[in-house]
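Next up, upload.cif (mmCIF, C-alpha atoms and all ligand atoms):
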```cif
data_protein
#
loop_
_atom_site.label_atom_id
_atom_site.label_comp_id
_atom_site.auth_asym_id
_atom_site.auth_seq_id
_atom_site.Cartn_x
_atom_site.Cartn_y
_atom_site.Cartn_z
CA MET A 1420 304.51 -30.02 113.51
CA ALA A 1421 302.98 -27.04 111.71
CA ARG A 1422 299.64 -27.67 110.04
CA ILE A 1423 299.74 -27.66 106.23
CA PRO A 1424 297.41 -24.85 105.06
CA LEU A 1425 294.09 -26.42 104.09
CA LYS A 1426 294.07 -24.86 100.64
CA GLN A 1427 297.42 -26.54 99.95
CA LEU A 1428 296.32 -29.86 101.47
CA LEU A 1429 293.25 -30.02 99.21
CA VAL A 1430 295.44 -29.55 96.11
CA ASP A 1431 298.58 -31.50 97.09
CA ASP A 1432 296.74 -34.53 98.46
CA PRO A 1433 293.68 -34.92 96.20
CA LYS A 1434 292.60 -38.21 97.81
CA LYS A 1435 292.72 -36.87 101.37
CA VAL A 1436 289.34 -36.71 103.11
CA LEU A 1437 289.31 -35.01 106.50
CA VAL A 1438 287.09 -36.31 109.30
CA LEU A 1439 285.12 -33.54 111.00
CA ASP A 1440 283.61 -33.65 114.48
CA GLY A 1441 279.92 -34.15 115.27
CA GLY A 1442 276.97 -32.11 116.51
CA GLN A 1443 278.39 -30.04 119.30
CA GLY A 1444 275.31 -28.20 120.57
CA THR A 1445 273.33 -31.41 120.84
CA GLU A 1446 276.29 -33.30 122.30
CA LEU A 1447 276.64 -30.66 125.04
CA GLU A 1448 272.93 -31.17 125.65
CA ASN A 1449 273.47 -34.95 125.93
CA ARG A 1450 276.10 -34.18 128.56
CA GLY A 1451 273.79 -32.04 130.68
CA ILE A 1452 274.14 -28.45 129.40
CA LYS A 1453 270.76 -26.83 128.74
CA VAL A 1454 271.16 -25.33 125.26
CA ALA A 1455 267.46 -24.49 124.72
CA ASN A 1456 267.87 -20.71 125.03
CA PRO A 1457 268.32 -17.78 122.61
CA VAL A 1458 272.10 -18.16 122.28
CA TRP A 1459 271.84 -21.96 122.09
CA SER A 1460 275.23 -23.72 122.50
CA THR A 1461 277.00 -20.43 123.33
CA ILE A 1462 275.44 -20.58 126.80
CA PRO A 1463 278.26 -22.25 128.79
CA PHE A 1464 280.73 -19.55 127.69
CA ILE A 1465 278.58 -16.66 128.93
CA SER A 1466 279.11 -17.22 132.64
CA GLU A 1467 282.32 -15.72 134.00
CA SER A 1468 282.91 -18.85 136.11
CA PHE A 1469 283.61 -20.83 132.91
CA TRP A 1470 286.74 -18.68 132.50
CA SER A 1471 287.70 -17.97 136.10
CA ASP A 1472 287.13 -21.40 137.64
CA GLU A 1473 289.42 -24.10 136.19
CA SER A 1474 287.26 -26.75 137.84
CA SER A 1475 283.96 -25.44 136.40
CA ALA A 1476 281.65 -28.35 135.52
CA ASN A 1477 280.78 -26.88 132.10
CA ARG A 1478 284.44 -26.38 131.27
CA LYS A 1479 285.03 -30.06 132.01
CA ILE A 1480 282.06 -31.07 129.83
CA VAL A 1481 283.29 -29.04 126.83
CA LYS A 1482 286.85 -30.40 127.17
CA GLU A 1483 285.61 -33.97 127.44
CA MET A 1484 283.41 -33.52 124.38
CA PHE A 1485 286.39 -32.34 122.31
CA ASN A 1486 288.50 -35.22 123.68
CA ASP A 1487 285.86 -37.78 122.74
CA PHE A 1488 285.54 -36.41 119.18
CA LEU A 1489 289.35 -36.50 118.85
CA ALA A 1490 289.51 -40.06 120.18
CA ALA A 1491 286.85 -41.05 117.63
CA GLY A 1492 289.09 -39.83 114.79
CA ALA A 1493 288.18 -36.17 114.16
CA GLU A 1494 290.98 -34.29 112.38
CA ILE A 1495 289.16 -30.98 111.98
CA LEU A 1496 286.95 -29.56 114.72
CA MET A 1497 284.77 -26.52 115.25
CA THR A 1498 284.47 -23.74 117.74
CA ILE A 1499 281.11 -23.82 119.53
CA THR A 1500 280.02 -20.46 118.11
CA TYR A 1501 277.02 -21.31 115.92
CA GLN A 1502 274.72 -18.84 117.69
CA THR A 1503 277.44 -16.45 118.90
CA SER A 1504 276.69 -13.55 116.55
CA PHE A 1505 277.01 -10.08 118.10
CA LYS A 1506 273.26 -9.61 117.67
CA SER A 1507 272.35 -12.86 119.49
CA VAL A 1508 274.84 -12.27 122.28
CA SER A 1509 274.24 -8.56 122.85
CA GLU A 1510 270.45 -8.90 122.82
CA ASN A 1511 270.27 -11.96 125.07
CA THR A 1512 273.18 -11.91 127.50
CA PRO A 1513 274.94 -9.38 129.78
CA ILE A 1514 277.66 -9.03 127.11
CA LYS A 1515 276.64 -5.77 125.40
CA THR A 1516 279.67 -4.01 123.94
CA LEU A 1517 281.76 -4.86 120.89
CA ALA A 1518 284.86 -4.99 123.10
CA ALA A 1519 283.30 -7.50 125.51
CA TYR A 1520 282.03 -9.54 122.54
CA ASP A 1521 285.47 -9.57 120.96
CA ASN A 1522 286.94 -10.81 124.24
CA LEU A 1523 284.32 -13.59 124.41
CA LEU A 1524 285.12 -14.84 120.90
CA THR A 1525 288.88 -14.71 121.48
CA ARG A 1526 288.48 -16.68 124.70
CA ILE A 1527 286.32 -19.33 123.01
CA VAL A 1528 288.66 -19.76 120.02
CA ASN A 1529 291.81 -19.93 122.15
CA PHE A 1530 290.17 -22.34 124.61
CA SER A 1531 289.08 -24.57 121.69
CA ARG A 1532 292.64 -24.59 120.33
CA ASP A 1533 293.94 -25.59 123.78
CA CYS A 1534 291.40 -28.44 123.86
CA ILE A 1535 292.34 -29.88 120.44
CA GLY A 1536 296.11 -29.24 120.39
CA GLU A 1537 298.28 -27.81 117.61
CA GLU A 1538 298.04 -30.66 115.08
CA LYS A 1539 294.33 -30.61 114.34
CA TYR A 1540 292.53 -28.08 112.18
CA LEU A 1541 290.15 -25.62 113.82
CA ILE A 1542 287.09 -24.11 112.12
CA GLY A 1543 285.55 -20.85 113.30
CA CYS A 1544 281.89 -21.81 113.20
CA ILE A 1545 279.45 -19.13 111.99
CA GLY A 1546 275.74 -19.93 112.02
CA PRO A 1547 273.40 -18.32 109.48
CA TRP A 1548 271.54 -15.04 109.91
CA GLY A 1549 268.43 -17.21 110.34
CA ALA A 1550 269.81 -18.88 113.47
CA HIS A 1551 268.93 -15.90 115.68
CA VAL A 1552 265.29 -16.14 114.63
CA CYS A 1553 265.42 -19.91 114.25
CA CYS A 1554 264.54 -20.15 110.56
CA GLU A 1555 267.56 -22.11 109.34
CA PHE A 1556 265.23 -25.02 108.49
CA THR A 1557 262.63 -22.94 106.62
CA GLY A 1558 264.81 -20.40 104.80
CA ASP A 1559 261.99 -17.91 105.34
CA TYR A 1560 263.90 -14.64 105.68
CA GLY A 1561 260.79 -12.45 105.47
CA PRO A 1562 259.32 -10.44 102.59
CA ASN A 1563 262.55 -8.65 101.56
CA PRO A 1564 265.48 -11.02 102.01
CA GLU A 1565 267.45 -9.09 99.38
CA SER A 1566 267.45 -6.01 101.65
CA ILE A 1567 268.87 -7.74 104.75
CA ASP A 1568 272.26 -6.29 105.66
CA PHE A 1569 274.07 -9.60 106.06
CA TYR A 1570 277.46 -7.91 106.23
CA GLN A 1571 276.47 -5.80 109.20
CA TYR A 1572 275.17 -8.94 110.94
CA PHE A 1573 278.33 -11.01 110.41
CA LYS A 1574 280.97 -8.26 110.61
CA PRO A 1575 281.80 -8.41 114.36
CA GLN A 1576 282.30 -12.20 114.21
CA LEU A 1577 284.32 -11.98 110.98
CA ASP A 1578 286.53 -9.17 112.29
CA ASN A 1579 287.46 -11.34 115.25
CA PHE A 1580 287.86 -14.66 113.42
CA ASN A 1581 289.86 -13.18 110.51
CA LYS A 1582 292.63 -12.13 112.83
CA ASN A 1583 292.86 -15.20 115.09
CA GLU A 1584 295.81 -17.40 114.04
CA ASN A 1585 294.31 -20.34 115.89
CA LEU A 1586 291.61 -20.68 113.20
CA ASP A 1587 292.44 -22.48 109.96
CA LEU A 1588 289.08 -22.12 108.25
CA LEU A 1589 285.82 -20.22 108.67
CA GLY A 1590 282.62 -22.21 108.28
CA PHE A 1591 279.34 -20.54 107.32
CA GLU A 1592 276.88 -23.25 108.25
CA THR A 1593 273.27 -24.20 107.67
CA ILE A 1594 272.74 -21.41 105.09
CA PRO A 1595 269.11 -21.77 103.95
CA ASN A 1596 268.54 -18.72 101.75
CA ILE A 1597 269.95 -17.81 98.33
CA HIS A 1598 270.26 -14.10 99.19
CA GLU A 1599 272.48 -14.96 102.13
CA LEU A 1600 274.61 -17.23 99.92
CA LYS A 1601 274.95 -14.46 97.31
CA ALA A 1602 275.92 -11.95 100.00
CA ILE A 1603 278.66 -14.17 101.47
CA LEU A 1604 280.05 -14.95 98.03
CA SER A 1605 280.10 -11.26 97.12
CA TRP A 1606 282.63 -10.48 99.88
CA ASP A 1607 286.25 -10.13 98.81
CA GLU A 1608 289.48 -10.85 100.67
CA SER A 1609 289.27 -7.60 102.61
CA ILE A 1610 286.13 -8.96 104.32
CA LEU A 1611 286.91 -12.67 104.29
CA SER A 1612 290.67 -12.89 104.61
CA LYS A 1613 290.80 -16.50 105.79
CA PRO A 1614 289.89 -19.66 103.86
CA PHE A 1615 286.18 -20.38 104.26
CA TYR A 1616 283.45 -22.85 103.33
CA ILE A 1617 279.70 -22.64 103.02
CA GLY A 1618 277.40 -25.41 104.30
CA LEU A 1619 273.91 -25.24 102.81
CA SER A 1620 270.72 -26.12 104.65
CA VAL A 1621 268.90 -28.25 102.08
CA HIS A 1622 265.38 -29.66 102.20
CA GLU A 1623 265.06 -33.44 101.97
CA HIS A 1624 263.55 -32.95 98.51
CA GLY A 1625 266.90 -31.59 97.36
CA VAL A 1626 266.29 -27.82 97.17
CA LEU A 1627 267.71 -25.08 99.38
CA ARG A 1628 265.23 -24.45 102.23
CA ASP A 1629 263.96 -21.36 100.38
CA GLY A 1630 263.19 -23.45 97.28
CA THR A 1631 266.28 -22.65 95.15
CA THR A 1632 267.46 -25.67 93.15
CA MET A 1633 271.04 -26.93 93.29
CA GLU A 1634 271.40 -25.69 89.69
CA GLY A 1635 270.32 -22.25 90.95
CA VAL A 1636 272.99 -22.45 93.66
CA ALA A 1637 275.58 -23.52 91.08
CA LYS A 1638 274.65 -20.61 88.82
CA VAL A 1639 275.57 -18.09 91.55
CA ILE A 1640 279.04 -19.61 91.70
CA LYS A 1641 279.48 -20.04 87.95
CA ASP A 1642 278.36 -16.43 87.33
CA LEU A 1643 281.08 -15.16 89.66
CA GLY A 1644 283.71 -16.96 87.55
CA ASP A 1645 287.24 -15.93 88.45
CA LYS A 1646 285.92 -12.96 90.46
CA ILE A 1647 285.15 -15.40 93.28
CA ASN A 1648 287.04 -14.81 96.54
CA PRO A 1649 290.13 -17.09 96.35
CA ASN A 1650 289.53 -17.97 100.01
CA PHE A 1651 286.34 -19.84 99.08
CA LEU A 1652 287.56 -23.45 99.47
CA LEU A 1653 284.57 -25.75 99.77
CA LEU A 1654 280.82 -25.87 99.36
CA GLY A 1655 278.57 -28.48 100.89
CA ILE A 1656 275.60 -29.44 102.99
CA ASN A 1657 275.09 -29.63 106.74
CA CYS A 1658 272.29 -30.45 109.14
CA VAL A 1659 270.41 -32.03 106.25
CA SER A 1660 268.44 -35.23 106.63
CA PHE A 1661 270.77 -38.26 106.93
CA ASN A 1662 269.12 -40.62 104.43
CA GLN A 1663 268.66 -37.97 101.72
CA SER A 1664 272.10 -36.40 102.11
CA PRO A 1665 274.05 -38.61 99.62
CA GLY A 1666 271.58 -37.82 96.83
CA ILE A 1667 271.72 -34.11 97.62
CA LEU A 1668 275.52 -34.07 97.61
CA GLU A 1669 275.53 -35.95 94.31
CA SER A 1670 273.27 -33.31 92.75
CA LEU A 1671 275.60 -30.56 93.97
CA HIS A 1672 278.57 -32.46 92.51
CA ARG A 1673 276.79 -32.82 89.16
CA ALA A 1674 276.11 -29.08 89.10
CA LEU A 1675 279.64 -28.09 90.24
CA PRO A 1676 281.97 -30.99 89.39
CA ASN A 1677 285.18 -29.06 90.13
CA VAL A 1678 284.27 -27.60 93.52
CA PRO A 1679 285.58 -29.51 96.57
CA LEU A 1680 282.58 -30.51 98.69
CA LEU A 1681 281.84 -31.24 102.31
CA ALA A 1682 278.98 -33.05 104.02
CA TYR A 1683 277.88 -33.36 107.63
CA PRO A 1684 274.25 -34.39 107.96
CA ASN A 1685 272.17 -34.52 111.11
CA SER A 1686 270.91 -37.79 112.61
CA GLY A 1687 267.68 -37.76 110.61
CA GLU A 1688 265.65 -36.45 113.56
CA VAL A 1689 263.66 -33.24 113.05
CA TYR A 1690 264.04 -30.03 115.10
CA ASP A 1691 260.94 -28.56 116.72
CA THR A 1692 261.78 -24.84 116.65
CA GLU A 1693 259.11 -23.89 119.19
CA LYS A 1694 259.98 -26.41 121.88
CA LYS A 1695 263.67 -26.58 120.87
CA ILE A 1696 263.64 -30.39 120.99
CA TRP A 1697 264.46 -33.09 118.42
CA LEU A 1698 261.62 -35.33 117.27
CA PRO A 1699 262.23 -38.92 116.20
CA ASN A 1700 261.96 -39.93 112.57
CA SER A 1701 260.75 -43.48 111.97
CA ASP A 1702 262.67 -43.95 108.68
CA LYS A 1703 265.19 -46.76 108.81
CA LEU A 1704 268.61 -45.13 108.62
CA ASN A 1705 271.32 -46.07 106.16
CA SER A 1706 274.72 -46.92 107.61
CA TRP A 1707 277.56 -44.39 107.79
CA ASP A 1708 279.59 -46.86 105.72
CA THR A 1709 277.12 -46.55 102.81
CA VAL A 1710 276.68 -42.81 103.16
CA VAL A 1711 280.41 -42.02 103.43
CA LYS A 1712 281.20 -44.16 100.38
CA GLN A 1713 278.65 -42.17 98.37
CA TYR A 1714 279.94 -38.82 99.65
CA ILE A 1715 283.49 -39.68 98.61
CA GLY A 1716 282.21 -40.71 95.18
CA SER A 1717 280.63 -37.25 94.93
CA GLY A 1718 283.82 -35.34 95.69
CA ALA A 1719 283.56 -34.83 99.46
CA ARG A 1720 286.82 -33.70 101.09
CA ILE A 1721 285.49 -33.09 104.62
CA ILE A 1722 282.94 -35.45 106.20
CA GLY A 1723 281.42 -35.38 109.67
CA GLY A 1724 278.17 -35.12 111.55
CA CYS A 1725 275.83 -32.30 112.55
CA CYS A 1726 273.03 -32.15 115.12
CA ARG A 1727 272.39 -35.30 117.16
CA THR A 1728 275.49 -37.05 115.90
CA ALA A 1729 277.90 -38.13 118.63
CA PRO A 1730 281.46 -39.46 118.98
CA LYS A 1731 280.25 -42.97 118.10
CA ASP A 1732 279.09 -41.60 114.71
CA ILE A 1733 282.48 -39.97 114.13
CA LEU A 1734 284.17 -43.31 114.84
CA GLU A 1735 282.01 -44.95 112.15
CA ILE A 1736 282.75 -42.10 109.73
CA SER A 1737 286.46 -42.32 110.41
CA THR A 1738 286.44 -46.10 109.85
CA ALA A 1739 284.57 -45.66 106.55
CA VAL A 1740 286.87 -42.82 105.39
CA LYS A 1741 289.90 -45.09 105.98
CA LYS A 1742 288.19 -47.88 104.03
CA TYR A 1743 287.26 -45.79 100.99
CA THR A 1744 290.32 -43.54 100.58
C1 LIG A 1801 270.73 -25.99 114.25
S1 LIG A 1801 269.39 -25.54 115.27
C2 LIG A 1801 269.17 -26.89 116.31
C3 LIG A 1801 270.12 -24.34 116.30
C4 LIG A 1801 269.22 -23.76 117.31
C5 LIG A 1801 268.20 -22.83 116.77
N1 LIG A 1801 268.73 -21.76 115.96
C6 LIG A 1801 267.44 -22.26 117.93
O1 LIG A 1801 267.58 -21.06 118.23
O2 LIG A 1801 266.71 -23.00 118.57
N1 LIG A 1802 278.10 -26.49 114.43
C1 LIG A 1802 276.78 -26.58 115.03
C2 LIG A 1802 275.77 -26.90 113.96
C3 LIG A 1802 274.41 -26.55 114.22
S1 LIG A 1802 273.35 -26.83 112.86
C4 LIG A 1802 276.83 -27.66 116.07
O1 LIG A 1802 277.53 -28.66 115.82
O2 LIG A 1802 276.23 -27.56 117.10
ZN ZN A 1803 273.01 -29.13 112.93
#
```
I'd like the structure from this file rewritten - as structure tokens, please.
Ligand SMILES: C[S+](C)CC[C@H](N)C(=O)O
Ligand SMILES: N[C@@H](CCS)C(=O)O
Ligand SMILES: [Zn+2]
Amino acid sequence: MARIPLKQLLVDDPKKVLVLDGGQGTELENRGIKVANPVWSTIPFISESFWSDESSANRKIVKEMFNDFLAAGAEILMTITYQTSFKSVSENTPIKTLAAYDNLLTRIVNFSRDCIGEEKYLIGCIGPWGAHVCCEFTGDYGPNPESIDFYQYFKPQLDNFNKNENLDLLGFETIPNIHELKAILSWDESILSKPFYIGLSVHEHGVLRDGTTMEGVAKVIKDLGDKINPNFLLLGINCVSFNQSPGILESLHRALPNVPLLAYPNSGEVYDTEKKIWLPNSDKLNSWDTVVKQYIGSGARIIGGCCRTAPKDILEISTAVKKYT
């Protein structure tokens, strides 16, 4: 059965909430792949044996991870391409040319589609500019963030993803800086020709990591008015602190009541960017049942988990989504 285009699904079925998968990079790590390296979760796809050897151990791990997220109830899943920008890949792996990079992305997307089948939705995951210098949790883009050429950075990944029919949606994730948000939203359909969403990296105190308030974020969108790219489908938050995430989503909903939202928080643990490890947080966590109920009340249409959330979290999310929709 052909997938209903997401834009149509959001309008035709206003109560439908899609269950997303969980934190892929950290789940691969749980399953034995060492992701602490400059291309992070891209690493298994870099070795030629992943593609040439059907029985490769990493290939089996990635397939099993997708299977376990599907079995837990995920209806929309992501490619494992958070840190697969041309800059990250060409500076840190033997893949140096645009042609070889293009081949890598096509292989990853098509492999992901094979893993999830034709019925589920597939997101082309695009990490922020800050991922390659690991500042997605500070939003510190240096002294002149307004002069960063974000388009040049994202272009090779966009050129590939825009033309791959296996992708239903592009996801800009963990965006921590207002200049990056403005840049993405300034691109028209010639640059972003597929439906896309933006996941913001928000501080637990409720501001974008660079200090911009949610009202400031909303103003960027309101100021664009009907000039906004019609492919912009959803705004939301990802990899934000679990306990604070419902309040943050509510503030975004208050500021932009008509924009469909999405939310996929991390486990509440905190990333140590030097050691590339997750540190425990002693706060008592709310339940997914409570959190999901609040997200739905705030207009969430896609709900899942980010770093350090696993298939068991997706099962709890899926159970709660069924209960509250
Ligand atoms: C969302 S974080 C855990 C991704 C990894 C980070 N950009 C790093 O390079 O360590
Ligand atoms: N999509 C990425 C998010 C990193 S913040 C992952 O799940 O690994
Ligand atoms: Zn994350």
Cut-off 12 Å: closest region 1659-1698 of chain A/region 1458-1467 of chain A atom pairs per residue, using only C-alpha atoms, as a Markdown table:
```
| residue | atom | partner | partner_atom | distance |
| --- | --- | --- | --- | --- |
| A:Thr1692 | CA | A:Trp1459 | CA | 11.8 |
| A:Lys1695 | CA | A:Trp1459 | CA | 9.5 |
| A:Ile1696 | CA | A:Trp1459 | CA | 11.8 |
```
How would the residues just picked look written out with C-alpha atoms as a short mmCIF file (atom, residue, chain, number, x, y, z; two decimals), keeping the file's coordinate frame?
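What ended up in again_12.cif:
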```cif
data_model
loop_
_atom_site.label_atom_id
_atom_site.label_comp_id
_atom_site.auth_asym_id
_atom_site.auth_seq_id
_atom_site.Cartn_x
_atom_site.Cartn_y
_atom_site.Cartn_z
CA THR A 1692 261.78 -24.84 116.65
CA LYS A 1695 263.67 -26.58 120.87
CA ILE A 1696 263.64 -30.39 120.99
#
```
Which chain A residues have any atom within 8 Å of an atom of ligand LIG 1801 (chain A), and for each, what is the nearest pair of atoms with distance in Å to one decimal, counting all atoms listed in the file, rows sorted by chain and number, as CSV?
```
residue,atom,partner,partner_atom,distance
A:Gly1444,CA,A:LIG1801,C2,7.6
A:Thr1445,CA,A:LIG1801,C2,7.6
A:Ala1455,CA,A:LIG1801,O2,6.4
A:Asn1456,CA,A:LIG1801,O1,6.8
A:Pro1457,CA,A:LIG1801,O1,5.5
A:Val1458,CA,A:LIG1801,O1,6.7
A:Trp1459,CA,A:LIG1801,C4,5.7
A:Ser1460,CA,A:LIG1801,C4,7.9
A:Tyr1501,CA,A:LIG1801,C3,7.5
A:Gln1502,CA,A:LIG1801,N1,6.9
A:Gly1549,CA,A:LIG1801,N1,7.2
A:Ala1550,CA,A:LIG1801,N1,4.0
A:His1551,CA,A:LIG1801,N1,5.9
A:Val1552,CA,A:LIG1801,O1,6.5
A:Cys1553,CA,A:LIG1801,N1,4.2
A:Cys1554,CA,A:LIG1801,N1,7.0
A:Glu1555,CA,A:LIG1801,N1,6.7
A:Phe1556,CA,A:LIG1801,S1,8.0
A:Thr1593,CA,A:LIG1801,C1,7.3
A:Cys1658,CA,A:LIG1801,C1,7.0
A:Tyr1690,CA,A:LIG1801,C2,6.1
A:Thr1692,CA,A:LIG1801,O2,5.6
A:Glu1693,CA,A:LIG1801,O2,7.7
A:Lys1695,CA,A:LIG1801,O2,5.2
A:Cys1726,CA,A:LIG1801,C2,6.6
```
For a test of reading the model, state the distance in Å between CA of Arg1478 (chain A) and CA of Leu1589 (chain A), rounded to one decimal.
23.5 Å
Using all atoms listed in the file, find each residue of chain A with at least one atom at most 8 Å away from an atom of ligand ZN 1803 (chain A); report its shortest atom-to-atom pair and that distance in Å (one decimal), sort the rows by chain and rising residue number, and return the result as JSON lines.
```
{"residue": "A:Gly1442", "atom": "CA", "partner": "A:ZN1803", "partner_atom": "ZN", "distance": 6.1}
{"residue": "A:Thr1593", "atom": "CA", "partner": "A:ZN1803", "partner_atom": "ZN", "distance": 7.2}
{"residue": "A:Asn1657", "atom": "CA", "partner": "A:ZN1803", "partner_atom": "ZN", "distance": 6.5}
{"residue": "A:Cys1658", "atom": "CA", "partner": "A:ZN1803", "partner_atom": "ZN", "distance": 4.1}
{"residue": "A:Val1659", "atom": "CA", "partner": "A:ZN1803", "partner_atom": "ZN", "distance": 7.7}
{"residue": "A:Pro1684", "atom": "CA", "partner": "A:ZN1803", "partner_atom": "ZN", "distance": 7.3}
{"residue": "A:Asn1685", "atom": "CA", "partner": "A:ZN1803", "partner_atom": "ZN", "distance": 5.8}
{"residue": "A:Cys1725", "atom": "CA", "partner": "A:ZN1803", "partner_atom": "ZN", "distance": 4.3}
{"residue": "A:Cys1726", "atom": "CA", "partner": "A:ZN1803", "partner_atom": "ZN", "distance": 3.7}
{"residue": "A:Arg1727", "atom": "CA", "partner": "A:ZN1803", "partner_atom": "ZN", "distance": 7.5}
```
Could you please give me, as a compact mmCIF listing (two decimals) with C-alpha atoms, keeping the file's coordinate frame, the residues of protein, DNA or RNA lying at most 6 Å from (278.7, -43.1, 110.4) in the coordinate frame of the file, considering all atoms listed in the file?
```txt
# COMPACT_ATOMS: atom_id res chain seq x y z
CA TRP A 1707 277.56 -44.39 107.79
CA ASP A 1732 279.09 -41.60 114.71
CA GLU A 1735 282.01 -44.95 112.15
CA ILE A 1736 282.75 -42.10 109.73
```
Minimum-distance residue to ligand LIG 1802 (chain A), chosen among A:Ser1531, A:Gly1546, A:Leu1541, A:Asn1648 (using only C-alpha atoms and all ligand atoms):
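Looking only at the distances to ligand LIG 1802 (chain A), the closest residue turns out to be A:Gly1546.
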Show which residues sit within 12 Å of Lys1574 (chain A), as a PyMOL selection string. Count only C-alpha atoms, and ignore same-chain residues fewer than 2 positions away.
chain A and resi 1504-1506+1517+1521+1545+1548+1568-1572+1576-1581+1603+1606+1609-1611
Nearest residue to Pro1676 (chain A) from the set A:Ser1660, A:Leu1704, A:Gly1718, A:Gly1558 (distances using only C-alpha atoms)
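Closest candidate: A:Gly1718.
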Best match for closeness to ligand LIG 1802 (chain A) among A:Val1678, A:Leu1496, A:Ile1452, A:Leu1523, counting all atoms listed in the file
A:Leu1496
Find, counting all atoms listed in the file, the residue in A:Ser1701, A:Gly1543, A:Leu1643, A:Asp1587 that gets nearest to ligand LIG 1802 (chain A).
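Between A:Ser1701, A:Gly1543, A:Leu1643, A:Asp1587, the residue approaching ligand LIG 1802 (chain A) most closely is A:Gly1543.
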For Lys1582 (chain A), list every protein, DNA or RNA residue within 10 Å, evaluated using only C-alpha atoms, and leave out those in the same chain fewer than 5 positions away; present the list as number ranges by chain.
A: 1525, 1577, 1612-1613
By how many Å are CA of Leu1586 (chain A) and CA of Phe1615 (chain A) apart?
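Result for CA of Leu1586 (chain A) versus CA of Phe1615 (chain A): 10.5 Å, one decimal.
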Using only C-alpha atoms, the residue out of A:Gly1630, A:Pro1730, A:Pro1564, A:Pro1665 with shortest distance to Glu1599 (chain A) is A:Pro1564
